[in-house]
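Source file: coords.cif; contents: mmCIF, C-alpha atoms.
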```cif
data_upload
#
loop_
_atom_site.label_atom_id
_atom_site.label_comp_id
_atom_site.auth_asym_id
_atom_site.auth_seq_id
_atom_site.Cartn_x
_atom_site.Cartn_y
_atom_site.Cartn_z
CA MET A 82 203.19 80.83 7.76
CA ARG A 83 202.60 83.99 9.71
CA HIS A 84 198.96 84.76 10.24
CA SER A 85 197.49 88.18 10.53
CA TYR A 86 194.83 89.13 12.99
CA LEU A 87 192.44 91.95 12.45
CA ASP A 88 190.72 92.31 15.78
CA LYS A 89 193.50 90.97 17.96
CA TYR A 90 192.64 90.39 21.65
CA SER A 91 188.93 90.90 20.95
CA ASN A 92 187.99 87.27 21.63
CA ARG A 93 189.26 87.27 25.20
CA SER A 94 187.16 87.61 28.28
CA SER A 95 187.33 90.43 30.81
CA PRO A 96 184.84 92.81 32.41
CA VAL A 97 185.48 95.27 29.54
CA HIS A 98 185.14 92.57 26.87
CA ASN A 99 181.91 91.35 28.42
CA LEU A 100 180.10 94.70 28.47
CA PRO A 101 176.92 94.64 26.37
CA VAL A 102 177.94 95.66 22.86
CA PRO A 103 175.19 98.19 21.97
CA GLY A 104 175.87 100.12 25.17
CA LYS A 105 179.59 99.95 24.63
CA THR A 106 179.22 101.25 21.07
CA ILE A 107 177.17 104.23 22.19
CA ALA A 108 179.59 105.00 25.02
CA PHE A 109 182.46 104.76 22.56
CA LEU A 110 180.87 107.20 20.10
CA GLY A 111 179.98 109.53 22.96
CA LEU A 112 183.55 109.49 24.21
CA LEU A 113 184.90 110.31 20.74
CA LEU A 114 182.48 113.24 20.45
CA TYR A 115 183.55 114.39 23.90
CA TYR A 116 187.22 114.35 22.86
CA ALA A 117 186.40 116.49 19.84
CA PHE A 118 184.87 119.19 22.06
CA MET A 119 186.48 118.84 25.49
CA PRO A 120 188.29 121.82 26.99
CA VAL A 121 191.92 120.76 27.11
CA SER A 122 193.62 121.27 30.46
CA ARG A 123 196.23 119.23 32.29
CA GLY A 124 193.74 118.01 34.91
CA ILE A 125 191.08 116.86 32.42
CA LEU A 126 193.70 115.18 30.25
CA ALA A 127 195.28 113.38 33.21
CA GLY A 128 191.86 112.21 34.40
CA ASN A 129 190.92 110.82 30.97
CA LEU A 130 194.24 109.10 30.46
CA ALA A 131 194.01 107.55 33.92
CA GLY A 132 190.50 106.29 33.13
CA LEU A 133 191.65 104.78 29.84
CA ALA A 134 194.69 103.22 31.55
CA ILE A 135 192.43 101.53 34.11
CA LEU A 136 190.16 100.15 31.36
CA PHE A 137 193.16 98.86 29.39
CA THR A 138 194.53 97.17 32.52
CA VAL A 139 191.19 95.56 33.32
CA ALA A 140 190.93 94.35 29.70
CA ARG A 141 194.53 93.07 29.89
CA ILE A 142 195.63 94.61 26.57
CA PRO A 143 199.46 94.50 26.30
CA PRO A 144 201.00 98.01 26.53
CA LEU A 145 203.37 97.33 23.64
CA PHE A 146 200.44 96.66 21.30
CA ILE A 147 198.82 99.95 22.36
CA ILE A 148 202.05 101.92 21.84
CA LYS A 149 202.57 100.42 18.38
CA ARG A 150 199.05 101.35 17.36
CA LEU A 151 199.50 104.88 18.73
CA PHE A 152 202.24 105.56 16.19
CA VAL A 153 199.68 106.08 13.43
CA ILE A 154 199.07 109.66 14.53
CA LEU A 155 202.77 110.47 14.24
CA PRO A 156 202.91 111.53 10.54
CA PHE A 157 200.10 114.03 11.04
CA LEU A 158 201.63 115.35 14.23
CA ILE A 159 204.93 115.90 12.44
CA PHE A 160 203.04 117.61 9.62
CA ILE A 161 201.48 120.05 12.10
CA VAL A 162 204.60 120.64 14.22
CA PHE A 163 206.67 121.20 11.09
CA PHE A 164 204.50 124.14 10.08
CA ILE A 165 204.41 125.88 13.46
CA PRO A 166 207.36 128.21 12.73
CA LEU A 167 205.77 129.13 9.38
CA PHE A 168 202.32 129.83 10.78
CA GLN A 169 201.84 133.32 12.09
CA GLY A 170 199.98 133.47 15.34
CA GLN A 171 200.23 129.70 15.65
CA THR A 172 201.58 128.39 18.92
CA TRP A 173 202.66 125.13 20.41
CA ARG A 174 199.37 125.18 22.27
CA VAL A 175 197.44 124.19 19.13
CA ALA A 176 199.81 121.29 18.53
CA GLY A 177 199.50 120.22 22.17
CA GLU A 178 195.71 120.40 22.06
CA THR A 179 195.62 118.40 18.84
CA LEU A 180 197.92 115.80 20.36
CA ALA A 181 195.67 115.54 23.43
CA ARG A 182 192.47 115.12 21.39
CA ALA A 183 194.05 112.75 18.86
CA GLY A 184 195.80 110.71 21.55
CA CYS A 185 192.67 110.20 23.64
CA SER A 186 190.58 109.38 20.54
CA VAL A 187 193.04 106.82 19.21
CA LEU A 188 193.36 105.18 22.64
CA THR A 189 189.56 104.94 22.85
CA LEU A 190 189.43 103.43 19.37
CA ILE A 191 192.11 100.86 20.27
CA LEU A 192 190.28 99.99 23.48
CA PHE A 193 186.96 99.56 21.71
CA THR A 194 188.15 97.44 18.79
CA SER A 195 190.44 95.24 20.86
CA THR A 196 187.66 94.41 23.30
CA THR A 197 184.77 93.92 20.84
CA ARG A 198 184.40 90.98 18.49
CA PHE A 199 184.05 91.96 14.87
CA THR A 200 180.76 90.15 14.41
CA HIS A 201 179.30 91.95 17.42
CA LEU A 202 180.64 95.22 16.05
CA LEU A 203 178.87 94.62 12.72
CA ASP A 204 175.69 93.84 14.57
CA SER A 205 175.77 97.12 16.46
CA LEU A 206 176.74 99.06 13.33
CA SER A 207 173.66 97.73 11.58
CA ARG A 208 171.53 98.69 14.59
CA LEU A 209 172.93 102.21 14.30
CA GLY A 210 171.34 102.37 10.86
CA ILE A 211 174.33 101.77 8.59
CA PRO A 212 172.91 100.49 5.27
CA LYS A 213 172.71 96.73 4.98
CA ILE A 214 174.72 96.66 1.79
CA ILE A 215 177.69 98.23 3.60
CA ILE A 216 177.38 95.70 6.44
CA GLN A 217 177.39 92.92 3.84
CA VAL A 218 180.51 94.32 2.22
CA LEU A 219 182.19 94.70 5.63
CA SER A 220 181.50 91.10 6.52
CA PHE A 221 182.86 89.95 3.15
CA ILE A 222 186.02 91.99 3.68
CA TYR A 223 186.44 90.48 7.12
CA ARG A 224 186.07 86.91 5.86
CA TYR A 225 188.15 87.20 2.73
CA PHE A 226 190.88 89.34 4.22
CA PHE A 227 192.36 86.20 5.77
CA VAL A 228 192.15 84.18 2.56
CA LEU A 229 193.69 86.97 0.52
CA THR A 230 196.54 87.79 2.93
CA GLY A 231 197.34 84.07 2.94
CA GLN A 232 197.61 84.13 -0.84
CA LEU A 233 199.62 87.33 -0.78
CA GLU A 234 202.06 85.83 1.73
CA GLN A 235 202.45 82.77 -0.49
CA MET A 236 203.22 84.91 -3.52
CA LYS A 237 205.68 87.02 -1.54
CA MET A 238 207.43 83.86 -0.41
CA ALA A 239 207.62 82.60 -3.98
CA VAL A 240 209.12 85.91 -5.10
CA ARG A 241 211.64 85.85 -2.25
CA ALA A 242 212.59 82.29 -3.13
CA ARG A 243 213.42 83.42 -6.65
CA ALA A 244 215.56 86.24 -5.21
CA VAL A 245 213.88 89.10 -7.03
CA ARG A 246 215.66 92.10 -5.60
CA GLY A 247 217.43 95.19 -6.76
CA LYS A 248 216.22 97.95 -8.99
CA TYR A 249 213.06 99.75 -7.97
CA ARG A 250 211.55 99.25 -11.40
CA PHE A 251 211.68 95.49 -11.02
CA VAL A 252 210.47 95.55 -7.44
CA TYR A 253 207.50 97.69 -8.48
CA ARG A 254 206.70 95.58 -11.48
CA GLY A 255 206.83 92.46 -9.32
CA LEU A 256 204.58 93.94 -6.66
CA ALA A 257 202.14 95.27 -9.23
CA ARG A 258 201.88 91.89 -10.99
CA MET A 259 201.41 90.23 -7.64
CA LEU A 260 198.40 92.47 -7.03
CA GLY A 261 197.16 91.75 -10.55
CA MET A 262 197.21 88.02 -9.85
CA LEU A 263 195.60 88.57 -6.47
CA ILE A 264 192.66 90.45 -8.01
CA ILE A 265 192.11 87.67 -10.56
CA ARG A 266 192.29 85.01 -7.89
CA SER A 267 189.81 86.95 -5.78
CA TYR A 268 187.49 87.33 -8.75
CA GLU A 269 187.57 83.62 -9.47
CA GLN A 270 187.08 82.93 -5.80
CA SER A 271 184.03 85.18 -5.78
CA GLU A 272 182.51 83.21 -8.65
CA ARG A 273 182.97 79.94 -6.76
CA VAL A 274 181.72 81.50 -3.55
CA TYR A 275 178.64 82.88 -5.21
CA ASN A 276 177.75 79.52 -6.73
CA ALA A 277 178.25 77.82 -3.40
CA MET A 278 176.18 80.43 -1.59
CA LEU A 279 173.43 80.24 -4.18
CA MET A 280 173.20 76.50 -3.64
CA ARG A 281 172.70 77.10 0.05
CA GLY A 282 169.85 79.52 -0.54
CA TYR A 283 171.57 82.91 -0.51
CA ASP A 284 169.28 85.72 -1.65
CA GLY A 285 171.85 88.49 -1.68
CA TRP A 286 170.81 90.35 1.41
CA GLY A 287 171.75 88.06 4.23
CA ASN A 288 169.48 86.88 6.96
CA ASP A 289 168.04 88.92 9.74
CA ASP A 290 169.39 86.78 12.53
CA GLY A 291 172.42 88.99 12.96
CA ASN A 292 174.91 86.25 12.15
CA THR A 293 177.70 87.24 9.84
CA MET B 59 196.38 110.19 3.91
CA HIS B 60 193.99 109.04 6.55
CA ILE B 61 193.35 111.85 9.01
CA PRO B 62 193.01 110.53 12.59
CA ASP B 63 190.41 111.81 15.07
CA GLY B 64 191.36 115.04 16.82
CA PHE B 65 193.02 116.70 13.86
CA LEU B 66 189.97 118.48 12.45
CA ASP B 67 187.76 121.10 14.10
CA THR B 68 184.01 120.97 14.55
CA LYS B 69 182.95 122.91 11.47
CA THR B 70 185.18 120.86 9.17
CA LEU B 71 183.88 117.63 10.73
CA ALA B 72 180.27 118.75 10.24
CA ILE B 73 180.76 119.75 6.59
CA THR B 74 182.76 116.68 5.53
CA ASN B 75 180.48 114.22 7.29
CA GLY B 76 177.47 115.94 5.73
CA VAL B 77 178.94 115.59 2.25
CA ALA B 78 179.93 111.97 2.92
CA LEU B 79 176.49 110.94 4.19
CA GLY B 80 174.82 112.66 1.23
CA ALA B 81 177.06 110.85 -1.24
CA LEU B 82 176.50 107.51 0.52
CA TYR B 83 172.74 108.03 0.47
CA LEU B 84 172.83 108.63 -3.28
CA ALA B 85 175.09 105.61 -3.83
CA ALA B 86 172.92 103.31 -1.71
CA ARG B 87 169.78 104.44 -3.55
CA ARG B 88 171.40 103.87 -6.91
CA MET B 89 172.69 100.44 -5.82
CA ASN B 90 169.31 99.31 -4.55
CA ALA B 91 167.75 100.23 -7.87
CA ALA B 92 170.37 98.87 -10.24
CA VAL B 93 172.23 96.00 -8.62
CA SER B 94 171.19 92.37 -8.52
CA PRO B 95 172.08 90.24 -5.51
CA SER B 96 174.55 88.26 -7.63
CA ARG B 97 176.85 91.27 -7.55
CA ILE B 98 177.21 91.31 -3.79
CA PRO B 99 179.77 88.50 -3.41
CA LEU B 100 181.78 90.01 -6.28
CA MET B 101 181.67 93.44 -4.68
CA GLY B 102 182.57 92.02 -1.30
CA VAL B 103 185.53 90.00 -2.53
CA LEU B 104 186.88 92.88 -4.63
CA ALA B 105 186.54 95.18 -1.62
CA ALA B 106 188.48 92.60 0.39
CA PHE B 107 191.09 92.67 -2.37
CA ALA B 108 191.45 96.47 -2.18
CA PHE B 109 191.60 96.28 1.60
CA THR B 110 194.32 93.61 1.51
CA ALA B 111 196.25 95.35 -1.29
CA GLN B 112 196.56 98.42 0.92
CA LEU B 113 198.67 96.40 3.33
CA LEU B 114 201.33 95.73 0.69
CA ALA B 115 204.10 98.28 1.22
CA PHE B 116 205.70 99.87 -1.82
CA PRO B 117 209.19 101.15 -0.95
CA VAL B 118 209.90 104.87 -1.48
CA ILE B 119 213.28 106.58 -1.02
CA GLY B 120 214.98 106.10 2.33
CA GLY B 121 213.11 103.40 4.17
CA THR B 122 209.70 105.05 3.83
CA SER B 123 206.93 103.24 2.05
CA THR B 124 203.50 103.91 0.65
CA HIS B 125 200.53 101.80 -0.32
CA ILE B 126 198.01 101.96 -3.11
CA ALA B 127 194.39 103.00 -2.65
CA GLY B 128 192.93 101.09 -5.60
CA SER B 129 189.95 103.43 -5.88
CA VAL B 130 190.27 104.09 -9.61
CA LEU B 131 190.79 100.36 -10.16
CA LEU B 132 187.51 99.58 -8.38
CA ALA B 133 185.73 102.37 -10.28
CA VAL B 134 187.00 101.05 -13.64
CA ILE B 135 185.94 97.46 -12.89
CA LEU B 136 182.67 97.99 -11.02
CA GLY B 137 181.63 101.59 -11.75
CA PRO B 138 181.76 104.78 -9.68
CA TYR B 139 178.74 104.25 -7.39
CA THR B 140 179.80 100.74 -6.46
CA ALA B 141 183.40 101.82 -5.94
CA MET B 142 182.24 104.66 -3.71
CA LEU B 143 180.22 102.32 -1.53
CA LEU B 144 183.05 99.81 -1.25
CA LEU B 145 185.54 102.53 -0.38
CA ALA B 146 183.21 103.72 2.39
CA ALA B 147 183.37 100.24 3.89
CA ILE B 148 187.15 100.10 3.45
CA VAL B 149 187.79 103.53 4.98
CA LEU B 150 185.55 102.70 7.93
CA LEU B 151 187.23 99.36 8.52
CA GLN B 152 190.72 100.82 8.33
CA ALA B 153 189.79 103.32 10.99
CA LEU B 154 188.22 100.69 13.24
CA LEU B 155 190.77 97.91 12.88
CA PHE B 156 194.08 99.66 12.24
CA GLN B 157 193.33 103.16 13.56
CA HIS B 158 194.24 104.46 10.10
CA GLY B 159 191.92 107.41 10.09
CA GLY B 160 189.23 108.07 12.64
CA VAL B 161 185.54 107.66 13.31
CA LEU B 162 184.54 111.32 13.40
CA THR B 163 186.96 112.05 10.56
CA PHE B 164 185.32 109.30 8.48
CA GLY B 165 183.59 111.95 6.36
CA ALA B 166 186.83 113.76 5.55
CA ASN B 167 188.75 110.58 4.74
CA PHE B 168 185.89 109.16 2.69
CA LEU B 169 185.71 112.45 0.78
CA ASN B 170 189.48 112.44 0.07
CA ILE B 171 189.82 108.76 -0.78
CA GLY B 172 186.37 107.49 -1.67
CA ILE B 173 184.49 110.28 -3.39
CA ILE B 174 187.46 111.93 -5.13
CA GLY B 175 188.99 108.51 -5.83
CA SER B 176 185.94 106.89 -7.35
CA TRP B 177 183.92 109.70 -8.90
CA LEU B 178 186.59 112.07 -10.07
CA GLY B 179 188.77 109.13 -11.09
CA TYR B 180 185.92 107.65 -13.10
CA LEU B 181 185.15 110.96 -14.81
CA VAL B 182 188.79 111.34 -15.87
CA TYR B 183 188.93 107.70 -17.02
CA ARG B 184 185.77 108.18 -19.07
CA LEU B 185 187.49 110.80 -21.26
CA LYS B 186 189.30 107.98 -23.03
CA ARG B 187 188.65 104.50 -21.76
CA SER B 188 192.18 103.14 -21.90
CA HIS B 189 194.70 101.78 -19.43
CA PRO B 190 197.02 104.82 -19.56
CA MET B 191 194.00 107.05 -18.89
CA ALA B 192 193.16 104.99 -15.82
CA GLY B 193 196.75 105.55 -14.66
CA VAL B 194 196.41 109.29 -15.18
CA ALA B 195 193.10 109.22 -13.30
CA ALA B 196 194.75 107.35 -10.42
CA PHE B 197 197.57 109.92 -10.27
CA ILE B 198 195.16 112.86 -10.31
CA THR B 199 192.89 111.42 -7.62
CA VAL B 200 195.78 110.64 -5.25
CA LEU B 201 197.19 114.14 -5.71
CA LEU B 202 193.83 115.85 -5.28
CA GLY B 203 192.91 113.60 -2.35
CA GLY B 204 196.08 114.68 -0.55
CA LEU B 205 195.47 118.33 -1.35
CA ALA B 206 191.93 117.99 -0.01
CA ALA B 207 193.36 116.58 3.23
CA ALA B 208 195.74 119.56 3.48
CA LEU B 209 192.82 121.89 2.79
CA GLU B 210 190.77 120.28 5.58
CA LEU B 211 193.66 120.57 8.04
CA ALA B 212 194.19 124.21 7.07
CA PHE B 213 190.45 124.96 7.29
CA SER B 214 190.57 123.55 10.83
CA GLY B 215 193.34 126.03 11.67
CA ARG B 216 195.93 123.32 12.26
CA VAL B 217 198.34 124.21 9.45
CA PRO B 218 198.90 127.27 7.21
CA LEU B 219 197.18 126.77 3.85
CA GLN B 220 199.86 127.46 1.24
CA PRO B 221 202.88 125.64 2.75
CA ALA B 222 200.65 122.70 3.67
CA LEU B 223 199.37 122.42 0.10
CA VAL B 224 202.93 122.53 -1.24
CA GLY B 225 204.24 119.98 1.28
CA MET B 226 201.34 117.60 0.80
CA GLY B 227 201.48 118.10 -2.97
CA ILE B 228 205.12 117.02 -3.19
CA ALA B 229 204.49 113.92 -1.06
CA GLN B 230 201.38 113.00 -3.04
CA ILE B 231 203.08 113.38 -6.42
CA ILE B 232 205.35 110.46 -5.49
CA THR B 233 202.46 108.39 -4.13
CA GLY B 234 200.36 109.31 -7.15
CA VAL B 235 202.97 108.17 -9.66
CA ILE B 236 203.16 104.81 -7.88
CA GLU B 237 199.36 104.53 -7.78
CA GLY B 238 199.14 105.31 -11.49
CA PHE B 239 201.86 102.82 -12.40
CA VAL B 240 200.33 100.05 -10.29
CA THR B 241 196.81 100.72 -11.60
CA VAL B 242 198.02 100.39 -15.21
CA SER B 243 200.02 97.21 -14.40
CA ILE B 244 197.07 95.55 -12.68
CA LEU B 245 194.76 96.43 -15.57
CA LYS B 246 197.31 94.94 -17.99
CA VAL B 247 197.49 91.70 -16.02
CA ILE B 248 193.69 91.48 -15.91
CA SER B 249 193.26 92.10 -19.63
CA ALA B 250 195.88 89.46 -20.38
CA VAL B 251 194.46 86.76 -18.09
CA ARG B 252 190.74 87.44 -17.58
CA PRO B 253 189.64 90.18 -19.99
CA ASP B 254 185.98 89.48 -19.16
CA LEU B 255 186.57 91.02 -15.73
CA LEU B 256 186.94 94.40 -17.44
CA LYS B 257 183.69 94.00 -19.37
CA LEU B 258 181.31 93.81 -16.43
CA GLU B 259 178.34 96.11 -16.27
CA THR B 260 179.42 99.20 -14.32
CA VAL B 261 177.12 101.00 -11.89
#
```
Would it be possible to restate this file's structure as C-alpha cells?
Amino acid sequence: MRHSYLDKYSNRSSPVHNLPVPGKTIAFLGLLLYYAFMPVSRGILAGNLAGLAILFTVARIPPLFIIKRLFVILPFLIFIVFFIPLFQGQTWRVAGETLARAGCSVLTLILFTSTTRFTHLLDSLSRLGIPKIIIQVLSFIYRYFFVLTGQLEQMKMAVRARAVRGKYRFVYRGLARMLGMLIIRSYEQSERVYNAMLMRGYDGWGNDDGNT
Amino acid sequence: MHIPDGFLDTKTLAITNGVALGALYLAARRMNAAVSPSRIPLMGVLAAFAFTAQLLAFPVIGGTSTHIAGSVLLAVILGPYTAMLLLAAIVLLQALLFQHGGVLTFGANFLNIGIIGSWLGYLVYRLKRSHPMAGVAAFITVLLGGLAAALELAFSGRVPLQPALVGMGIAQIITGVIEGFVTVSILKVISAVRPDLLKLETV
C-alpha cells in the first residue's frame, strides 16, 4: 500500500536541517514578514530567490518536489490575472508583485517544513505561546493522520475492487459513506485510545517534557 | 479557498489576524472552563478525521475536483467552540504541511473556514436541529466563506470587488452543494451506526 508522508524530507540531515529549531522558526517568521513588506524590484527578487536556491541545494530537497508544491498558488494567481482587464487602474504590476511575494513566501514555507521535524516544530510552536490545547490537537492530528489515511486507502481499494464507477450520484454517495464510516472508525479508535492512555496515566494535558 | 501568503495586503492581514486571535482566545477560555481532559483524545481524533477527509477529492465537471471542509460536521458533533479550535489547528497544519494557505494569512483563512464554518454554521443548524438543516448550514458557510475570501482579496486591492464576488460565488455554489450533500450523508451514516456520537455534550 502507498504510504503518505506529511513532512517529507524533514528527517534527513544537512546543515539546514541541523540548525537549532527555535532560531530557525524565528528566522522563518521574520522572512515571511519581510516578504509581506519588501519593496519588489528585480534585483531584490533575484537576490532572495538565489538565497533560497542555495538553501534548498544545501538541504538537498529535490527540485521536482518544490515545483509540485509551488503549484498551490496557481488558482489564486489565475483568479487575480483573470480580473486584470476588468479592473480599472489595475496593471500587470500588481499581479507581478503578488506573484513575487507569494512565490518567495511559499518557497520559504516549503524550505522550513521540509527541513524541520514535526515534533520539533510543535515544540517551537508551543514556545511561541500557542495554547497547549491546540498543540495537543496538532499532535493528535499528526499521529492519527497516518492511521486514518491507511483506512481510507483500504476502503478506496475495496470500492475499486467492486468496480463502483459511473454516475456522479453514485460516486458521491460512495465517497460520502466512506467518510461516514471513517468518522465512526475514528470515534471508536478514540475511545480505545483514551482508555489505553488513561491506563498509562494520561491527565489530558500532556507532559512538560516536550515529547509529542 | 485557502489564501496563500503574499495575496493580502498589510491592513487586511492585521484585521483578519486580530479577529482570529480574539476568537481563539475566547474559544480557549471557554474550553478550559468547560471541557474535561477525557474530551481531548476525542477532539484530536475527530480533528485528524476532518484533516484526512479534506484529502479525499470529489470530482467536479471536467477533471477539476474539490474537497469538503467538515466544519459544520465538527460543530454539530462537538459544538461551535470546540469546532473552532479544531479548525484553527487544521488550517494551521494545512498551511505548514501542504502549503494550502499561508502563515500570515492564517487569520484570513481561519476566519473564512473556521469561524464562519463553525459559528455561523452552528447558528444556522440550531434553527432546526435536523440533518437537512445541517446540510443547509454547510452550504451557506462554504458560500459565505468563499465570498469572505473574495472580499479580503478585493479589500487588499488585488481584484475588483463585484466581479470577484460573482466569480467566487459561482465556484462556491458548486462546492457548497457538495459540502451540504456530504454533511447530510455522513450524519445519516452516523445516526444509523452509532447514534450516540450525535448525542455528545456540545461546547
Proximal residues of chain B relative to chain A (all atoms listed in the file; 7 Å) as an NGL selection string: :B and (62-65 or 95-96 or 98-100 or 102-107 or 110-111 or 144 or 147 or 154-155 or 157-158 or 216-218 or 240 or 243-244 or 247-248)
Length of the CA of His60 in chain B to CA of Ile159 in chain A vector [Å]: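 These atoms are spaced 14.2 Å apart.
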What does the PyMOL selection byres ((chain B and resi 141) around 9) select in this file, as a CSV table (one decimal) with C-alpha atoms, in the coordinates of the input?
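Saved result, result.csv, follows:
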```csv
chain,number,residue,atom,x,y,z
B,101,MET,CA,181.7,93.4,-4.7
B,105,ALA,CA,186.5,95.2,-1.6
B,129,SER,CA,190.0,103.4,-5.9
B,130,VAL,CA,190.3,104.1,-9.6
B,131,LEU,CA,190.8,100.4,-10.2
B,132,LEU,CA,187.5,99.6,-8.4
B,133,ALA,CA,185.7,102.4,-10.3
B,134,VAL,CA,187.0,101.0,-13.6
B,135,ILE,CA,185.9,97.5,-12.9
B,136,LEU,CA,182.7,98.0,-11.0
B,137,GLY,CA,181.6,101.6,-11.8
B,138,PRO,CA,181.8,104.8,-9.7
B,139,TYR,CA,178.7,104.2,-7.4
B,140,THR,CA,179.8,100.7,-6.5
B,142,MET,CA,182.2,104.7,-3.7
B,143,LEU,CA,180.2,102.3,-1.5
B,144,LEU,CA,183.0,99.8,-1.2
B,145,LEU,CA,185.5,102.5,-0.4
B,146,ALA,CA,183.2,103.7,2.4
B,172,GLY,CA,186.4,107.5,-1.7
B,173,ILE,CA,184.5,110.3,-3.4
B,175,GLY,CA,189.0,108.5,-5.8
B,176,SER,CA,185.9,106.9,-7.4
B,177,TRP,CA,183.9,109.7,-8.9
B,261,VAL,CA,177.1,101.0,-11.9
```
Residues matched by the PyMOL selection byres ((chain B and resi 237-239) around 10), written as number ranges by chain: A: 253-254, 257; B: 116, 124-131, 189-200, 230-236, 240-244
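What separates CA of Ser95 in chain A from CA of Thr196 in chain A is a distance of 8.5 Å.
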The PyMOL selection byres ((chain B and resi 69-74) around 12) resolved against shown file, as an MDAnalysis selection string: (chainID A and resid 114 117:118) or (chainID B and resid 61:68 75:81 160:170 173 206:207 209:216)
Between CA of Leu203 in chain A and CA of Leu112 in chain A, distance in Å (one decimal):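 That distance, rounded to one decimal, is 19.4 Å.
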Could the centre and edge lengths of an axis-aligned box, enclosing all atoms of range 98-116 of chain A in the file with 4 Å extra on each side, be given in Å to one decimal as lines of an AutoDock Vina configuration file?
```
center_x = 181.2
center_y = 102.9
center_z = 24.3
size_x = 20.0
size_y = 31.0
size_z = 16.4
```
His201 in chain A surroundings by all atoms listed in the file, 12 Å radius, close-in-sequence under 3 positions cut, as a VMD selection string: chain A and resid 88 91 to 92 98 to 106 193 to 194 196 to 198 204 to 208 216 220 291 to 293
Who sits within 10 Å of Leu130 in chain A, all atoms listed in the file, same chain under 2 positions skipped, as a ChimeraX atom specification: /A:124-128,132-136,181,184-185,188-189
